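These notes are about the structure you will find just below.
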Amino acid sequence: MAEKEKKQSVQTIQTKTRVEKGKSSIASVIFGRTGIIILLILLQFGFLIAGYTYLQGKMYFIDSVVKAGAVILVIYLTNNRSNPAFKMVWMTIMLVAPVFGVLLYIFVEFQVGVRWLNARLEHMHETTKKHWTQDEAVQEQLKEEDSEVASLAHYVCEYGGFPAYENTGVKYFSCGEDKIEELIRQLEKAEKFIFMEYFIIGEGYVWDTVLEVLRKKVKEGVEVRFLYDGMCCLSLLPYHYPQELESYGIQCHMFAPIVPALSTRQNNRDHRKIVVIDGKVAFTGGINLADEYINAITRFGYWKDAGLRIEGAAAWNFTVMFLDFWNAFRPFEQDYSAFRPQLAVLPASDGVVQPYADSPLDEEPVAETVYLDILAQSQQYVYFYTPYLAIGEEMLDALRNAAKRGVDVRLVLPGIPDKKLVFRLSRSYYLPLLRAGVRIYEYTPGFLHAKCCVSDDRAAVVGSINMDYRSMFLHFECGVLLLQNSQVLALRDDVRRTLPQCREVQCADCRTGLAGTVLDSVLRLLSPLM
């Protein structure tokens with residue numbers, strides 16, 4: 001009873017705090033650093049438009065040269081290996097406004113910073129490749145049990161660089177409250193090091209509690225490294241927050257702080273959620289370090305999320321994953337062996353566990369390929385949790401084709417959106433999917449933020465990967481592929497428990513007028529940018 005009263009008290013305090021902060025949030029955005037960044041970016045757009053107007057009206061020769069350049073760029077894009085939807089957006093811009101399109105493409109795409117980051121990450125991966133070694137016995141055992149899922153594990157290892165493991169315990173969390181509670185319990189047990197990497201940190205009960213544990217652990221001699229995405233500096237955290245954490249003895253780096261410059265790097269966010277404790281335990285999933293993720297505050301109804309704890313051999317993938325990213329921005333350590341624990345007692349074998357990451361800067365769409373492969377191999381059912389739905393023709397066809405051949409394909413999305421325009425975009429995909437036999441559900445209690453996939457009681461993915469362009473092609477992401485693991489069934493059962501709380505969407509719900517059809521068409525065209 002006391003624990004219940006404590007949680008209610010926390011919720012009341014946090015809700016009041018959010019209301020008080022909300023009164024000044026608009027003003028802080030307009031007059032603070034965020035407003036300045038937005039203003040300077042808009043000024044850059046203004047300069048581009050002014051330059052476009054000048055070239056169009058004053059210099060016929062240059063105008064013709066740039067238009068010829070537009071044709072060359074269209075040919076280049078046609079033969080480029082990038083995603084077709086992104087090509088279509090650029091080609092449309094160049095068709096409508098050739099001069100402006102060329103200027104914008106050159107200005108945005110040919111960025112030295114992006115090329116440097118890509119080269120640095122490739123160098124890190126090559127330098128530390130010795131730490132990625134696949135136990136062939138694991139692959140052979142998986143082949144004997146299920147050759148189809150073994151081929152997926154082989155792909156993730158060969159083209160993603162992430163081995164598969166046995167001897168790993170897994171625990172699936174169906175809500176943020178349970179995951180954060182377990183996270184804090186495991187952090188308290190840390191003896192050597194803690195690595196943490198998050199997309200969002202929001203000041204409040206969750207972060208205050210975690211930070212208190214981290215500060216205590218630093219005093220005990222535990223090495224703590226913290227990496228978070230620069231989007232937080234827009235409104236959630238002070239720009240110089242890394243220095244504050246450093247003053248506590250916590251090593252900290254902010255990935256790609258938002259700066260007032262047009263650049264593709266602004267799109268390449270670190271969307272991963274990773275915790276590694278002593279190299280023995282790791283966490284991932286969709287749950288960030290903010291109060292809405294445990295429903296201590298209410299933003300969009302009940303916040304439904306998912307997470308995963310792994311313990312044992314497979315935690316090593318997350319250790320190297322974190323260290324490669326951490327060392328890409330500072331003088332790096334090449335020998336990671338000090339962070340690999342000698343596990344005296346290995347967890348009992350429970351299928352195969354394969355943590356993996358996906359980078360937007362290489363040419364291998366690991367996140368999308370894993371989903372496509374699971375859909376292609378499915379025979380009985382495939383269930384997806386995703387907060388956003390913005391997919392290309394290849395994924396759209398994979399979902400429809402699976403349903404057409406009799407697979408029970410179900411998508412679970414939010415009933416209450418966090419971004420109304422993106423919610424409208426997600427719904428624009430409903431009708432072609434429903435007509436093919438895909439069943440779509442909207443979670444009526446609130447916002448569903450989980451990013452999961454489960455199929456045929458044999459394969460599942462839990463991670464940070466949404467079914468949208470940003471996750472699959474623009475963000476740094478991570479997930480865990482579970483094959484023949486007991487937690488595959490735990491995820492399946494969670495989805496089946498959640499479905500009765502959802503409203504199943506019918507074709508009749510997707511009717512819209514002419515204006516709505518036009519809006520949906522425009523949103524679909526611009527979906528790679530949303």
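Chain labels A, B, ... are given in the sequence in which chains occur in the structure tokens; within each chain residues are numbered consecutively from 1, and ligands are likewise numbered from 1 in the order shown.
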
Check your understanding: Quick one: residues within 12 Å of A:Leu413, only C-alpha atoms counted, chain neighbours fewer than 5 positions away excluded, as a PyMOL selection string?
Key -> chain A and resi 303-305+383-390+418+422-423+426-427+430+439-452+466-467+495+498-499+501-505

Please report, as a Markdown table, each residue of stretch 246-328 of chain A lying at most 12 Å from stretch 149-161 of chain A, together with the nearest pair of atoms and the separation in Å rounded to one decimal; use only C-alpha atoms, and order rows by chain and ascending residue number.
| residue | atom | partner | partner_atom | distance |
| --- | --- | --- | --- | --- |
| A:Asn317 | CA | A:Gly161 | CA | 9.5 |
| A:Val320 | CA | A:Gly161 | CA | 10.8 |
| A:Met321 | CA | A:Gly161 | CA | 10.1 |

Hey, which bits of stretch 251-327 of chain A sit within 8 Å of stretch 201-221 of chain A, and for each residue what's the closest pair of atoms and how far apart in Å (one decimal), counting only C-alpha atoms, rows by chain and increasing number, as a tab-separated table?
residue	atom	partner	partner_atom	distance
A:Asn288	CA	A:Ile201	CA	6.6
A:Leu289	CA	A:Ile201	CA	4.9
A:Ala290	CA	A:Gly202	CA	4.5
A:Asp291	CA	A:Val206	CA	5.6
A:Ala296	CA	A:Tyr205	CA	7.9

Any chance you can output those residues with all heavy atoms as an mmCIF file, in the first residue's frame?
data_model
loop_
_atom_site.group_PDB
_atom_site.id
_atom_site.type_symbol
_atom_site.label_atom_id
_atom_site.label_comp_id
_atom_site.auth_asym_id
_atom_site.auth_seq_id
_atom_site.Cartn_x
_atom_site.Cartn_y
_atom_site.Cartn_z
ATOM 1 N N ASN A 288 12.828 5.446 -23.496
ATOM 2 C CA ASN A 288 13.814 6.478 -23.186
ATOM 3 C C ASN A 288 13.783 6.821 -21.700
ATOM 4 O O ASN A 288 12.964 6.292 -20.937
ATOM 5 C CB ASN A 288 13.540 7.729 -24.019
ATOM 6 C CG ASN A 288 13.928 7.556 -25.472
ATOM 7 O OD1 ASN A 288 15.102 7.400 -25.804
ATOM 8 N ND2 ASN A 288 12.940 7.590 -26.369
ATOM 9 N N LEU A 289 14.654 7.749 -21.309
ATOM 10 C CA LEU A 289 14.742 8.149 -19.902
ATOM 11 C C LEU A 289 13.934 9.422 -19.669
ATOM 12 O O LEU A 289 14.471 10.521 -19.542
ATOM 13 C CB LEU A 289 16.209 8.357 -19.503
ATOM 14 C CG LEU A 289 17.099 7.120 -19.598
ATOM 15 C CD1 LEU A 289 18.532 7.466 -19.204
ATOM 16 C CD2 LEU A 289 16.571 5.983 -18.726
ATOM 17 N N ALA A 290 12.621 9.273 -19.656
ATOM 18 C CA ALA A 290 11.720 10.394 -19.400
ATOM 19 C C ALA A 290 10.451 9.859 -18.747
ATOM 20 O O ALA A 290 10.127 8.670 -18.871
ATOM 21 C CB ALA A 290 11.390 11.132 -20.696
ATOM 22 N N ASP A 291 9.728 10.731 -18.063
ATOM 23 C CA ASP A 291 8.644 10.283 -17.196
ATOM 24 C C ASP A 291 7.446 9.708 -17.937
ATOM 25 O O ASP A 291 6.731 8.854 -17.402
ATOM 26 C CB ASP A 291 8.191 11.436 -16.302
ATOM 27 C CG ASP A 291 9.202 11.751 -15.216
ATOM 28 O OD1 ASP A 291 10.213 11.027 -15.128
ATOM 29 O OD2 ASP A 291 8.985 12.719 -14.462
ATOM 30 N N ALA A 296 4.432 8.237 -15.423
ATOM 31 C CA ALA A 296 4.464 9.125 -14.265
ATOM 32 C C ALA A 296 3.818 10.452 -14.606
ATOM 33 O O ALA A 296 3.378 11.190 -13.722
ATOM 34 C CB ALA A 296 5.897 9.341 -13.789
#

Review point. Skipping near chain neighbours, those fewer than 3 positions away, what residues fall within 7 Å of A:Val480 using only C-alpha atoms, listed as a list in words?
Key: Val353, Gln354, Pro355, Tyr356, Val461, Val462 and Gly463 of chain A

Practice item. Using backbone DSSP assignments, extract all strand (DSSP E or B) residues from stretch 88-283 of chain A; output them as a PyMOL selection string. Key: chain A and resi 165+168-173+193-198+201+223-229+251-255+270+274-277+281-283

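If you look at atom CA of A:Ile287 and atom CA of A:Ser464, they are 8.3 Å away from each other.
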
Got a sec to tell me which of stretch 149-245 of chain A DSSP assigns to helix (DSSP H, G or I), as a short mmCIF file (atom, residue, chain, number, x, y, z; two decimals) with N, CA, C and O atoms, in the first residue's frame?
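Written file, out_32.cif:
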data_model
loop_
_atom_site.label_atom_id
_atom_site.label_comp_id
_atom_site.auth_asym_id
_atom_site.auth_seq_id
_atom_site.Cartn_x
_atom_site.Cartn_y
_atom_site.Cartn_z
N VAL A 149 15.51 -19.53 -40.50
CA VAL A 149 15.95 -18.48 -39.57
C VAL A 149 17.46 -18.46 -39.47
O VAL A 149 18.06 -17.42 -39.19
N ALA A 150 18.11 -19.59 -39.71
CA ALA A 150 19.57 -19.62 -39.72
C ALA A 150 20.12 -18.73 -40.82
O ALA A 150 21.15 -18.07 -40.65
N SER A 151 19.43 -18.68 -41.95
CA SER A 151 19.88 -17.83 -43.05
C SER A 151 19.76 -16.36 -42.69
O SER A 151 20.59 -15.54 -43.10
N LEU A 152 18.74 -16.00 -41.91
CA LEU A 152 18.60 -14.61 -41.46
C LEU A 152 19.72 -14.25 -40.49
O LEU A 152 20.32 -13.17 -40.59
N ALA A 153 20.04 -15.14 -39.57
CA ALA A 153 21.15 -14.90 -38.64
C ALA A 153 22.46 -14.76 -39.40
O ALA A 153 23.32 -13.93 -39.04
N HIS A 154 22.63 -15.57 -40.45
CA HIS A 154 23.84 -15.48 -41.27
C HIS A 154 23.94 -14.11 -41.94
O HIS A 154 25.02 -13.49 -41.97
N TYR A 155 22.82 -13.60 -42.46
CA TYR A 155 22.83 -12.27 -43.10
C TYR A 155 23.24 -11.19 -42.10
O TYR A 155 24.09 -10.34 -42.40
N VAL A 156 22.62 -11.19 -40.93
CA VAL A 156 22.91 -10.15 -39.93
C VAL A 156 24.38 -10.19 -39.53
O VAL A 156 25.01 -9.14 -39.31
N CYS A 157 24.96 -11.38 -39.47
CA CYS A 157 26.37 -11.51 -39.10
C CYS A 157 27.28 -11.05 -40.24
O CYS A 157 28.21 -10.27 -40.02
N GLU A 158 27.01 -11.51 -41.45
CA GLU A 158 27.89 -11.24 -42.58
C GLU A 158 27.81 -9.79 -43.07
O GLU A 158 28.82 -9.18 -43.41
N TYR A 159 26.61 -9.23 -43.11
CA TYR A 159 26.43 -7.91 -43.69
C TYR A 159 26.16 -6.81 -42.67
O TYR A 159 26.26 -5.63 -42.99
N GLY A 160 25.83 -7.21 -41.45
CA GLY A 160 25.70 -6.23 -40.38
C GLY A 160 26.91 -6.24 -39.47
O GLY A 160 27.25 -5.24 -38.86
N GLY A 176 7.03 0.28 -19.87
CA GLY A 176 8.19 1.03 -19.41
C GLY A 176 8.40 0.96 -17.92
O GLY A 176 9.54 0.99 -17.44
N GLU A 177 7.31 0.86 -17.15
CA GLU A 177 7.43 0.81 -15.70
C GLU A 177 8.30 -0.36 -15.26
O GLU A 177 9.19 -0.19 -14.42
N ASP A 178 8.04 -1.54 -15.82
CA ASP A 178 8.80 -2.73 -15.43
C ASP A 178 10.25 -2.66 -15.87
O ASP A 178 11.16 -3.06 -15.15
N LYS A 179 10.46 -2.12 -17.09
CA LYS A 179 11.83 -2.05 -17.60
C LYS A 179 12.68 -1.08 -16.78
O LYS A 179 13.83 -1.39 -16.42
N ILE A 180 12.16 0.10 -16.48
CA ILE A 180 12.92 1.10 -15.72
C ILE A 180 13.21 0.61 -14.31
O ILE A 180 14.31 0.80 -13.78
N GLU A 181 12.24 -0.07 -13.71
CA GLU A 181 12.46 -0.64 -12.37
C GLU A 181 13.62 -1.65 -12.39
O GLU A 181 14.49 -1.63 -11.51
N GLU A 182 13.63 -2.53 -13.40
CA GLU A 182 14.70 -3.51 -13.51
C GLU A 182 16.03 -2.85 -13.86
O GLU A 182 17.09 -3.27 -13.38
N LEU A 183 15.98 -1.82 -14.71
CA LEU A 183 17.20 -1.10 -15.08
C LEU A 183 17.87 -0.52 -13.84
O LEU A 183 19.09 -0.66 -13.65
N ILE A 184 17.11 0.14 -13.00
CA ILE A 184 17.68 0.75 -11.80
C ILE A 184 18.25 -0.32 -10.87
O ILE A 184 19.33 -0.15 -10.28
N ARG A 185 17.56 -1.44 -10.77
CA ARG A 185 18.04 -2.54 -9.94
C ARG A 185 19.40 -3.06 -10.44
O ARG A 185 20.31 -3.31 -9.65
N GLN A 186 19.53 -3.18 -11.76
CA GLN A 186 20.78 -3.67 -12.34
C GLN A 186 21.89 -2.62 -12.24
O GLN A 186 23.07 -2.96 -12.03
N LEU A 187 21.56 -1.35 -12.41
CA LEU A 187 22.56 -0.29 -12.27
C LEU A 187 23.14 -0.29 -10.86
O LEU A 187 24.35 -0.06 -10.67
N GLU A 188 22.30 -0.54 -9.87
CA GLU A 188 22.77 -0.58 -8.48
C GLU A 188 23.80 -1.67 -8.26
O GLU A 188 24.64 -1.58 -7.38
N TYR A 205 11.38 12.54 -12.74
CA TYR A 205 11.58 11.45 -11.78
C TYR A 205 12.51 10.36 -12.32
O TYR A 205 13.43 9.92 -11.63
N VAL A 206 12.28 9.90 -13.56
CA VAL A 206 13.07 8.80 -14.11
C VAL A 206 14.54 9.19 -14.20
O VAL A 206 15.42 8.49 -13.70
N TRP A 207 14.82 10.32 -14.86
CA TRP A 207 16.22 10.71 -15.04
C TRP A 207 16.87 11.07 -13.71
O TRP A 207 18.04 10.73 -13.47
N ASP A 208 16.14 11.74 -12.82
CA ASP A 208 16.72 12.08 -11.51
C ASP A 208 17.12 10.82 -10.75
O ASP A 208 18.17 10.76 -10.11
N THR A 209 16.28 9.78 -10.84
CA THR A 209 16.57 8.52 -10.15
C THR A 209 17.78 7.83 -10.74
O THR A 209 18.68 7.36 -10.02
N VAL A 210 17.83 7.76 -12.07
CA VAL A 210 18.97 7.14 -12.75
C VAL A 210 20.25 7.92 -12.47
O VAL A 210 21.30 7.34 -12.17
N LEU A 211 20.18 9.24 -12.57
CA LEU A 211 21.36 10.08 -12.34
C LEU A 211 21.89 9.91 -10.92
O LEU A 211 23.11 9.88 -10.71
N GLU A 212 21.00 9.80 -9.97
CA GLU A 212 21.43 9.60 -8.58
C GLU A 212 22.22 8.31 -8.44
O GLU A 212 23.26 8.26 -7.77
N VAL A 213 21.76 7.25 -9.11
CA VAL A 213 22.48 5.97 -9.06
C VAL A 213 23.84 6.10 -9.75
O VAL A 213 24.86 5.62 -9.24
N LEU A 214 23.87 6.78 -10.91
CA LEU A 214 25.13 6.94 -11.63
C LEU A 214 26.16 7.72 -10.81
O LEU A 214 27.34 7.36 -10.77
N ARG A 215 25.71 8.77 -10.16
CA ARG A 215 26.63 9.57 -9.34
C ARG A 215 27.17 8.74 -8.18
O ARG A 215 28.36 8.82 -7.83
N LYS A 216 26.32 7.92 -7.60
CA LYS A 216 26.77 7.05 -6.50
C LYS A 216 27.79 6.03 -7.00
O LYS A 216 28.80 5.77 -6.33
N LYS A 217 27.53 5.48 -8.18
CA LYS A 217 28.43 4.47 -8.72
C LYS A 217 29.80 5.06 -9.07
O LYS A 217 30.83 4.41 -8.93
N VAL A 218 29.81 6.29 -9.56
CA VAL A 218 31.08 6.96 -9.85
C VAL A 218 31.91 7.07 -8.58
O VAL A 218 33.12 6.82 -8.58
N LYS A 219 31.27 7.43 -7.49
CA LYS A 219 31.97 7.55 -6.21
C LYS A 219 32.52 6.21 -5.73
O LYS A 219 33.50 6.15 -4.99
N CYS A 232 18.10 16.50 -27.85
CA CYS A 232 17.71 16.88 -26.49
C CYS A 232 18.04 18.33 -26.18
O CYS A 232 17.40 18.96 -25.34
N CYS A 233 19.06 18.86 -26.86
CA CYS A 233 19.49 20.21 -26.54
C CYS A 233 18.51 21.26 -27.05
O CYS A 233 18.61 22.43 -26.70
N LEU A 234 17.55 20.87 -27.90
CA LEU A 234 16.58 21.84 -28.41
C LEU A 234 15.64 22.33 -27.32
O LEU A 234 15.35 23.52 -27.23
N SER A 235 15.15 21.40 -26.49
CA SER A 235 14.16 21.83 -25.50
C SER A 235 14.22 21.05 -24.19
O SER A 235 13.71 21.52 -23.18
N TYR A 241 24.88 20.61 -21.03
CA TYR A 241 24.61 19.58 -20.03
C TYR A 241 25.74 18.55 -19.92
O TYR A 241 25.99 18.04 -18.82
N PRO A 242 26.44 18.19 -21.02
CA PRO A 242 27.56 17.24 -20.87
C PRO A 242 28.60 17.71 -19.85
O PRO A 242 29.14 16.89 -19.09
N GLN A 243 28.85 19.02 -19.81
CA GLN A 243 29.81 19.53 -18.84
C GLN A 243 29.33 19.32 -17.40
O GLN A 243 30.11 19.04 -16.49
N GLU A 244 28.01 19.43 -17.21
CA GLU A 244 27.46 19.20 -15.87
C GLU A 244 27.66 17.74 -15.46
O GLU A 244 28.07 17.46 -14.33
N LEU A 245 27.39 16.83 -16.39
CA LEU A 245 27.59 15.41 -16.07
C LEU A 245 29.06 15.10 -15.83
O LEU A 245 29.40 14.30 -14.95
#

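For A:Ala338, the residues within 12 Å (counting only C-alpha atoms, excluding itself and residues fewer than 5 positions away along the chain) are His131, Lys192, Phe193, Asp278, Gly279, Trp316, Thr319, Val320, Leu323 and Glu333 of chain A.
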
Output the selection as a PDB file, in the first residue's frame - C-alpha atoms for each residue.
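Saved to out01.pdb:
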ATOM      1  CA  HIS A 131      36.111  -8.393 -31.620  1.00  0.00           C
ATOM      2  CA  LYS A 192      33.192  -2.085 -13.121  1.00  0.00           C
ATOM      3  CA  PHE A 193      31.503   0.002 -15.802  1.00  0.00           C
ATOM      4  CA  ASP A 278      29.847  -4.765 -16.580  1.00  0.00           C
ATOM      5  CA  GLY A 279      29.590  -6.414 -20.000  1.00  0.00           C
ATOM      6  CA  TRP A 316      29.115  -8.401 -25.917  1.00  0.00           C
ATOM      7  CA  THR A 319      29.431  -3.500 -25.595  1.00  0.00           C
ATOM      8  CA  VAL A 320      31.293  -3.288 -28.905  1.00  0.00           C
ATOM      9  CA  LEU A 323      32.374   1.491 -27.836  1.00  0.00           C
ATOM     10  CA  GLU A 333      40.870   2.534 -27.662  1.00  0.00           C
TER      11      GLU A 333
END

Review point. Residues at most 8 Å from A:Asp456, counting only C-alpha atoms, excluding those fewer than 6 positions away in the same chain, as a ChimeraX atom specification?
Key: /A:378-382

Just C-alpha atoms for this one: save the residues we selected as a PDB file, in the first residue's frame.
ATOM      1  CA  SER A 378       6.362 -16.247 -42.398  1.00  0.00           C
ATOM      2  CA  GLN A 379       3.852 -19.066 -42.766  1.00  0.00           C
ATOM      3  CA  GLN A 380       1.295 -18.598 -39.982  1.00  0.00           C
ATOM      4  CA  TYR A 381       1.399 -15.067 -38.546  1.00  0.00           C
ATOM      5  CA  VAL A 382       3.414 -11.855 -38.278  1.00  0.00           C
TER       6      VAL A 382
END

**Study point:** Contacts of stretch 127-129 of chain A within 9 Å, only C-alpha atoms, excl. fewer than 4 positions in-chain, as number ranges by chain
**Key:** A: 122-123, 133, 161, 320, 324, 334-336

With N, CA and C atoms kept, could you save the residues just selected as a short mmCIF file (atom, residue, chain, number, x, y, z; two decimals), in the first residue's frame?
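Below is the file that was written, result-v4.cif:
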data_model
loop_
_atom_site.label_atom_id
_atom_site.label_comp_id
_atom_site.auth_asym_id
_atom_site.auth_seq_id
_atom_site.Cartn_x
_atom_site.Cartn_y
_atom_site.Cartn_z
N GLU A 122 33.39 3.72 -40.35
CA GLU A 122 33.92 2.59 -41.11
C GLU A 122 35.30 2.18 -40.59
N HIS A 123 36.12 3.19 -40.28
CA HIS A 123 37.45 2.90 -39.73
C HIS A 123 37.34 2.19 -38.39
N THR A 133 33.43 -12.08 -33.66
CA THR A 133 33.73 -13.44 -34.13
C THR A 133 32.51 -14.33 -33.92
N GLY A 161 27.58 -7.41 -39.39
CA GLY A 161 28.78 -7.53 -38.57
C GLY A 161 28.50 -7.91 -37.13
N VAL A 320 30.50 -3.74 -27.76
CA VAL A 320 31.29 -3.29 -28.91
C VAL A 320 30.53 -2.23 -29.71
N ASP A 324 32.31 1.35 -30.28
CA ASP A 324 32.60 1.84 -31.64
C ASP A 324 32.02 3.23 -31.85
N GLN A 334 41.60 0.69 -29.05
CA GLN A 334 41.42 -0.40 -29.99
C GLN A 334 41.23 -1.75 -29.31
N ASP A 335 41.71 -1.87 -28.10
CA ASP A 335 41.61 -3.14 -27.39
C ASP A 335 40.41 -3.09 -26.44
N TYR A 336 39.36 -3.83 -26.78
CA TYR A 336 38.15 -3.84 -25.97
C TYR A 336 38.14 -5.01 -24.97
#
